[in-house]
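Here the structure is laid out as structure tokens; the discussion comes afterwards.
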Amino acid sequence: MLDPALLRGQLDAVAERLAARGFALPKAQIEALEARRKTTQTQTQELQNLRNTRSKSIGMAKAKGEDTAALMAEVAGIGDQLKANENELAKIQAEVAQITLGIPNLADTSVPYGKDETQNKEIHQWGTPRRFDFPVKDHVELGARHGWLDGEVAAKLSGARFTVLRGDLARLHRALAQFMLDLHTREHGHLECNVPLLVNAETMQGTGQLPKFEEDLFATAGEARRYLIPTAEVSLTNLVANEILEAEKLPMRLTAHTPCFRAEAGSHGKDTRGMIRQHQFEKVELVTISKPSESYAEHERMTRCAETVLEKLELPYRRVLLCTGDMGFAAAKTYDLEVWLPSQNTFREISSCSNCTDFQARRMQARWRNEETGKPELVHTLNGSGVAVGRALIAVMENYQNADGSIAVPPVLRPYTGGVERIA
RNA sequence: GGAGAGGUGGCAGAGUGGUCGAAUGCGCCGGAUUCGAAAUCCGGUUUACGGUUUUGCCGUAACGUGGGUUCGAAUCCCACCCUCUCCGCCA
């Protein structure tokens, strides 16, 4: 959520910045609604004030044993008017919320202007794609061996966009997750968390998935409707919802390894082959809660944490700064990391690191106590994949493949595979 | 799943219809006292939203959540959520 004061005082400037991300702000509607809100709220509060003072005087009169019939008759008339005003105000506030909860974050000034992903800016590349002296196989072909990676049987169980992993490949997948978690906890100072995968609507609203993107989520049936998390960002970030943190607790650096569930509405026909785009996948997530003044430095640091994963795995990648038109709803600035996939002869997204500034914090009422002012202020929240485990597995398979279809285990993973150096 | 108890400020804990945003204690922050400290004494100490002449002032709301009754609700009524204890069951 944006600061409501911005929508009142600087509507034109805000509209312009939102237009850069392809969002059309309904200015006239907001102005009209805001005008109604102001008069209705002021009126309501005046009526409440009137009722309270009169009721108090009844109490005082009764205490003195005076007759209160006249006073009571007078106040009785306020009730209906007040009720009507309160209902009207609630209606207006609901309308305001519906609009403001659907407005994306403002892009940081360092974000390049652009319409879509073609205008993202490459920051740097790391590593050199390996030269193969044999025809490369993609992960689906490589995974066919020993039934390592089986989409057919998964379809039997669950439908399209699921996979079953077996044997050495399943272990390699687990090794990747373990390695990442150990790296972030031992070397990067993130606290390991094990979090709920099912969360309520309020939590989903806190990080911005709701109310606007419900169609991308899986939900449970029944009265106590809950949602499967599309990323551990949701659970980790909301840990500080409705909290006022002491300054010394910041920055708060967290990590979790969880499955992620995405309905992927609107991506039909994209990446249908293999396990690139699944309804269920695993990810090691990084989250940082920081003071506003430190969030951009934290953003760089956290992106480096994700890059370190790929560097230790010796996987070539590049860092891309997303342009205004390609960023996610809550982000003010996002770096994507893209890993080299030999079979596609290109880089594919494997991590996304965003600074959400105070956008999620305002929705969650996540604050810290600024010692200089003594007042609670909104924190900044950041999240990043560190990294997607399924896609890391694909990258390892393809980049480490041998002519015979066997796959070398990256040295850094060998402690996690019982010393196995090659799966064949 | 069964039975019971309970949700009030940073914490503990009063308050069962009326000057109650809330006693008291603890904690915390100032100050006094002291060579310094302890003890003691004095004062202060929630948050959100709105208005405004914006280092301030004014107003409204909030006692688990949402409704209801009433001139007036922390207090009465209804529904829901959560926590704790015991029993059962289970990983």
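Please note that chains go A, B, ... in the order of the structure tokens, that every chain numbers its residues from 1, and that ligands are numbered from 1 in the order shown.
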**OP:** Could you please tell me, as an NGL selection string, which residues of chain B have an atom within 8 Å of chain A when using only C-alpha atoms (C1' of nucleotides)?
**Re:** :B and (18-19 or 50-51 or 59-60 or 71-72)
Restricting it to N, CA, C and O atoms (P, O5', C5', C4', C3', O3' and C1' of nucleotides), dump the selection as a compact mmCIF listing (two decimals), in the first residue's frame.
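The new file result29.txt reads:
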```txt
# COMPACT_ATOMS: atom_id res chain seq x y z
P G B 18 -21.24 1.88 35.93
O5' G B 18 -20.84 3.28 35.31
C5' G B 18 -20.23 3.33 34.02
C4' G B 18 -20.28 4.76 33.52
C3' G B 18 -19.90 5.77 34.57
O3' G B 18 -19.03 6.71 33.97
C1' G B 18 -22.06 6.26 33.71
P U B 19 -17.56 6.49 33.74
O5' U B 19 -17.01 7.38 34.94
C5' U B 19 -17.54 8.66 35.16
C4' U B 19 -16.82 9.69 34.30
C3' U B 19 -15.43 10.10 34.80
O3' U B 19 -14.45 9.23 34.25
C1' U B 19 -16.71 12.02 34.19
P G B 50 -5.40 9.06 7.99
O5' G B 50 -6.36 10.22 8.49
C5' G B 50 -7.68 10.29 7.99
C4' G B 50 -8.48 11.29 8.77
C3' G B 50 -7.97 12.71 8.75
O3' G B 50 -8.29 13.38 7.54
C1' G B 50 -8.59 12.14 10.94
P G B 51 -7.37 14.54 7.03
O5' G B 51 -7.74 15.72 8.04
C5' G B 51 -9.04 16.30 7.99
C4' G B 51 -9.18 17.31 9.10
C3' G B 51 -8.16 18.44 9.09
O3' G B 51 -8.52 19.46 8.17
C1' G B 51 -8.34 17.58 11.28
P G B 59 -10.02 17.56 22.44
O5' G B 59 -10.66 16.73 21.24
C5' G B 59 -11.85 17.18 20.62
C4' G B 59 -12.12 16.38 19.38
C3' G B 59 -12.32 14.89 19.59
O3' G B 59 -13.61 14.59 20.06
C1' G B 59 -10.91 15.24 17.73
P U B 60 -13.86 13.28 20.93
O5' U B 60 -13.77 12.14 19.84
C5' U B 60 -14.73 12.04 18.80
C4' U B 60 -14.35 10.95 17.85
C3' U B 60 -14.11 9.58 18.47
O3' U B 60 -15.32 8.91 18.73
C1' U B 60 -12.37 10.06 16.97
P C B 71 -32.07 4.37 24.42
O5' C B 71 -30.81 5.34 24.44
C5' C B 71 -30.74 6.42 23.51
C4' C B 71 -29.60 7.33 23.91
C3' C B 71 -28.30 6.62 24.24
O3' C B 71 -27.56 6.33 23.07
C1' C B 71 -28.80 8.16 25.95
P G B 72 -26.86 4.92 22.93
O5' G B 72 -25.76 4.99 24.08
C5' G B 72 -24.67 5.89 23.92
C4' G B 72 -23.83 5.88 25.16
C3' G B 72 -23.28 4.52 25.57
O3' G B 72 -22.11 4.20 24.83
C1' G B 72 -24.17 5.61 27.46
```
**OP:** Would you list, as number ranges by chain, the residues of segment 39-172 of chain A that end up in helix (DSSP H, G or I) under DSSP run on this structure's backbone?
**Re:** A: 39-63, 69-100, 117-119, 139-147, 151-158, 167-172
Subject >> Coordinates-based distance that separates atom CA of Leu321 of chain A from atom CA of Arg186 of chain A (Å, one decimal) >> reply: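 Computing the Euclidean distance for atom CA of Arg186 of chain A and atom CA of Leu321 of chain A yields 27.8 Å.
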**OP:** Excluding segment 23-36 of chain B and any residue of its chain fewer than 6 positions from it, enumerate the residues within 12 Å of it, using only C-alpha atoms (C1' of nucleotides), and give them as a list in words.
**Re:**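 Counting only C-alpha atoms (C1' of nucleotides), the residues come to Gly374 of chain A; G10, C11, A12, G13, A14, G15, C42, G43, G44 and U45 of chain B.
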Env of Ala331 of chain A: 12 Å cut, atoms = only C-alpha atoms (C1' of nucleotides), seq-sep filter 5 positions within chain, self excluded. Answer as an mmCIF file with C-alpha atoms, in the first residue's frame.
```cif
data_model
loop_
_atom_site.group_PDB
_atom_site.id
_atom_site.type_symbol
_atom_site.label_atom_id
_atom_site.label_comp_id
_atom_site.auth_asym_id
_atom_site.auth_seq_id
_atom_site.Cartn_x
_atom_site.Cartn_y
_atom_site.Cartn_z
ATOM 1 C CA MET A 1 0.000 0.000 0.000
ATOM 2 C CA LEU A 2 1.143 3.490 -0.759
ATOM 3 C CA ARG A 21 4.921 0.596 -14.521
ATOM 4 C CA ILE A 103 -2.234 -0.043 -6.439
ATOM 5 C CA PRO A 104 1.310 -1.359 -6.946
ATOM 6 C CA ASN A 105 4.403 0.053 -5.239
ATOM 7 C CA LEU A 106 6.271 2.999 -6.720
ATOM 8 C CA ALA A 107 9.463 2.137 -8.550
ATOM 9 C CA ASP A 108 12.690 3.438 -7.072
ATOM 10 C CA VAL A 111 14.946 1.605 -11.838
ATOM 11 C CA THR A 207 2.506 -9.280 1.400
ATOM 12 C CA GLY A 208 0.253 -8.261 -1.497
ATOM 13 C CA HIS A 299 19.065 -5.345 -1.151
ATOM 14 C CA LEU A 322 14.142 -5.223 -13.924
ATOM 15 C CA CYS A 323 12.643 -2.208 -15.664
ATOM 16 C CA THR A 324 9.563 -0.409 -14.377
ATOM 17 C CA GLY A 325 7.196 -2.426 -16.555
ATOM 18 C CA ASP A 326 8.457 -5.873 -15.507
ATOM 19 C CA SER A 352 14.372 -12.682 -7.885
ATOM 20 C CA CYS A 353 15.448 -10.260 -5.162
ATOM 21 C CA SER A 354 13.235 -7.314 -4.328
ATOM 22 C CA ASN A 355 13.175 -4.350 -2.022
ATOM 23 C CA CYS A 356 9.525 -3.733 -1.210
ATOM 24 C CA THR A 357 10.318 -0.615 0.852
ATOM 25 C CA ASP A 358 7.388 0.204 3.171
ATOM 26 C CA PHE A 359 4.739 -1.174 0.804
ATOM 27 C CA GLN A 360 4.193 -4.496 2.572
ATOM 28 C CA ALA A 361 5.018 -3.013 5.974
ATOM 29 C CA HIS A 380 11.259 -1.942 4.961
ATOM 30 C CA THR A 381 10.868 -5.533 3.789
ATOM 31 C CA LEU A 382 12.998 -7.432 1.278
ATOM 32 C CA ASN A 383 12.727 -10.880 -0.159
ATOM 33 C CA GLY A 384 14.732 -12.965 -2.548
#
```
Original post:
Per DSSP on the backbone, what are the strand (DSSP E) residues of segment 139-371 of chain A, as a ChimeraX atom specification?
Top reply: /A:149-150,164-165,191-192,198-199,227-228,244-245,252-261,280-290,317-321,333-341,346-355,367-369
May I have the residues within 12 Å of A73 of chain B as an mmCIF file with N, CA, C and O atoms (P, O5', C5', C4', C3', O3' and C1' of nucleotides), in the first residue's frame, using only C-alpha atoms (C1' of nucleotides) and disregarding those fewer than 4 positions away in the same chain?
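Result file is around-v1.cif:
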```
data_model
loop_
_atom_site.group_PDB
_atom_site.id
_atom_site.type_symbol
_atom_site.label_atom_id
_atom_site.label_comp_id
_atom_site.auth_asym_id
_atom_site.auth_seq_id
_atom_site.Cartn_x
_atom_site.Cartn_y
_atom_site.Cartn_z
ATOM 1 P P U B 16 -17.051 -4.213 38.782
ATOM 2 O "O5'" U B 16 -17.737 -3.583 37.504
ATOM 3 C "C5'" U B 16 -19.099 -3.278 37.400
ATOM 4 C "C4'" U B 16 -19.845 -4.347 36.608
ATOM 5 C "C3'" U B 16 -20.954 -5.073 37.395
ATOM 6 O "O3'" U B 16 -22.231 -4.604 36.983
ATOM 7 C "C1'" U B 16 -19.635 -6.566 36.070
ATOM 8 P P G B 17 -22.906 -3.291 37.241
ATOM 9 O "O5'" G B 17 -23.010 -2.532 35.830
ATOM 10 C "C5'" G B 17 -21.849 -2.297 35.039
ATOM 11 C "C4'" G B 17 -22.094 -1.071 34.219
ATOM 12 C "C3'" G B 17 -22.738 0.097 34.952
ATOM 13 O "O3'" G B 17 -21.978 1.266 34.631
ATOM 14 C "C1'" G B 17 -23.779 -0.216 32.891
ATOM 15 P P G B 18 -21.243 1.878 35.933
ATOM 16 O "O5'" G B 18 -20.838 3.283 35.309
ATOM 17 C "C5'" G B 18 -20.235 3.331 34.017
ATOM 18 C "C4'" G B 18 -20.284 4.757 33.522
ATOM 19 C "C3'" G B 18 -19.903 5.772 34.571
ATOM 20 O "O3'" G B 18 -19.028 6.711 33.968
ATOM 21 C "C1'" G B 18 -22.064 6.257 33.713
ATOM 22 P P C B 20 -13.427 8.498 35.160
ATOM 23 O "O5'" C B 20 -12.679 7.467 34.214
ATOM 24 C "C5'" C B 20 -12.261 7.790 32.876
ATOM 25 C "C4'" C B 20 -12.459 6.578 31.987
ATOM 26 C "C3'" C B 20 -13.914 6.313 31.623
ATOM 27 O "O3'" C B 20 -14.204 6.360 30.243
ATOM 28 C "C1'" C B 20 -12.862 4.351 32.484
ATOM 29 P P C B 63 -12.200 -2.537 22.631
ATOM 30 O "O5'" C B 63 -10.887 -2.690 23.500
ATOM 31 C "C5'" C B 63 -9.962 -3.770 23.283
ATOM 32 C "C4'" C B 63 -9.643 -4.441 24.602
ATOM 33 C "C3'" C B 63 -10.736 -5.388 25.092
ATOM 34 O "O3'" C B 63 -10.154 -6.639 25.394
ATOM 35 C "C1'" C B 63 -10.202 -3.764 26.761
ATOM 36 P P G B 68 -24.968 -3.987 14.715
ATOM 37 O "O5'" G B 68 -25.845 -4.497 15.940
ATOM 38 C "C5'" G B 68 -26.940 -5.379 15.702
ATOM 39 C "C4'" G B 68 -27.444 -5.951 16.991
ATOM 40 C "C3'" G B 68 -27.944 -4.955 18.021
ATOM 41 O "O3'" G B 68 -29.220 -4.444 17.712
ATOM 42 C "C1'" G B 68 -26.652 -6.622 19.075
ATOM 43 P P U B 69 -29.637 -3.012 18.208
ATOM 44 O "O5'" U B 69 -29.812 -3.207 19.766
ATOM 45 C "C5'" U B 69 -30.858 -4.014 20.289
ATOM 46 C "C4'" U B 69 -30.791 -4.035 21.794
ATOM 47 C "C3'" U B 69 -30.786 -2.656 22.453
ATOM 48 O "O3'" U B 69 -32.092 -2.110 22.549
ATOM 49 C "C1'" U B 69 -29.117 -4.026 23.434
ATOM 50 P P C B 77 -24.321 -11.819 29.596
ATOM 51 O "O5'" C B 77 -25.194 -11.701 28.272
ATOM 52 C "C5'" C B 77 -26.607 -11.908 28.302
ATOM 53 C "C4'" C B 77 -27.155 -11.831 26.900
ATOM 54 C "C3'" C B 77 -26.427 -12.703 25.883
ATOM 55 O "O3'" C B 77 -26.887 -14.029 25.907
ATOM 56 C "C1'" C B 77 -26.705 -10.522 24.996
#
```
**OP:** Just give me the gap between atom CA of His190 of chain A and atom CA of Leu239 of chain A in Å, one decimal is fine.
**Re:**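 Atom CA of Leu239 of chain A lies 14.4 Å from atom CA of His190 of chain A.
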Can you check which parts of segment 151-202 of chain A lie within 10 Å of segment 258-269 of chain A? Per residue, the shortest pair of atoms and distance in Å to one decimal, counting only C-alpha atoms, sorted by chain and number, as a tab-separated table.
```
residue	atom	partner	partner_atom	distance
A:Arg161	CA	A:Ala263	CA	9.7
A:Ala177	CA	A:Thr258	CA	9.4
A:Cys193	CA	A:Thr258	CA	9.7
A:Asn194	CA	A:Thr258	CA	7.9
A:Val195	CA	A:Thr258	CA	8.0
A:Pro196	CA	A:Thr258	CA	9.1
A:Leu197	CA	A:Thr258	CA	7.6
```
Original post:
Do you know which residues are at most 6 Å from Glu246 of chain A counting only C-alpha atoms (C1' of nucleotides), after dropping those on the same chain fewer than 2 positions away, and could you put them as an MDAnalysis selection string?
Top reply: chainID A and resid 248:249 368:369
Subject >> Selected residue, from A:Val387, A:Leu254, A:Val136, A:Leu378, that lies nearest to Ala306 of chain A when counting only C-alpha atoms >> reply: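 For Ala306 of chain A, the nearest of the given residues is A:Val387.
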**OP:** Could you jot down the atom CA of Gly167 of chain A to atom CA of Ser406 of chain A separation for me, Å, one decimal place?
**Re:**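 Computed distance, atom CA of Gly167 of chain A to atom CA of Ser406 of chain A, equals 13.5 Å.
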**OP:** Identify, on the basis of only C-alpha atoms (C1' of nucleotides), every residue whose closest approach to segment 115-129 of chain A does not exceed 10 Å; exclude the query and any residue fewer than 5 positions from it along the same chain; express the result as number ranges by chain.
**Re:** A: 20-22, 307, 310-311, 314-327, 335-342, 345-346, 399
Subject >> Residue nearest Leu165 of chain A among A:Ala297, A:Ile394, A:Val409, A:Val420 (counting only C-alpha atoms) >> reply: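 Distance minimum relative to Leu165 of chain A lands on A:Ile394.
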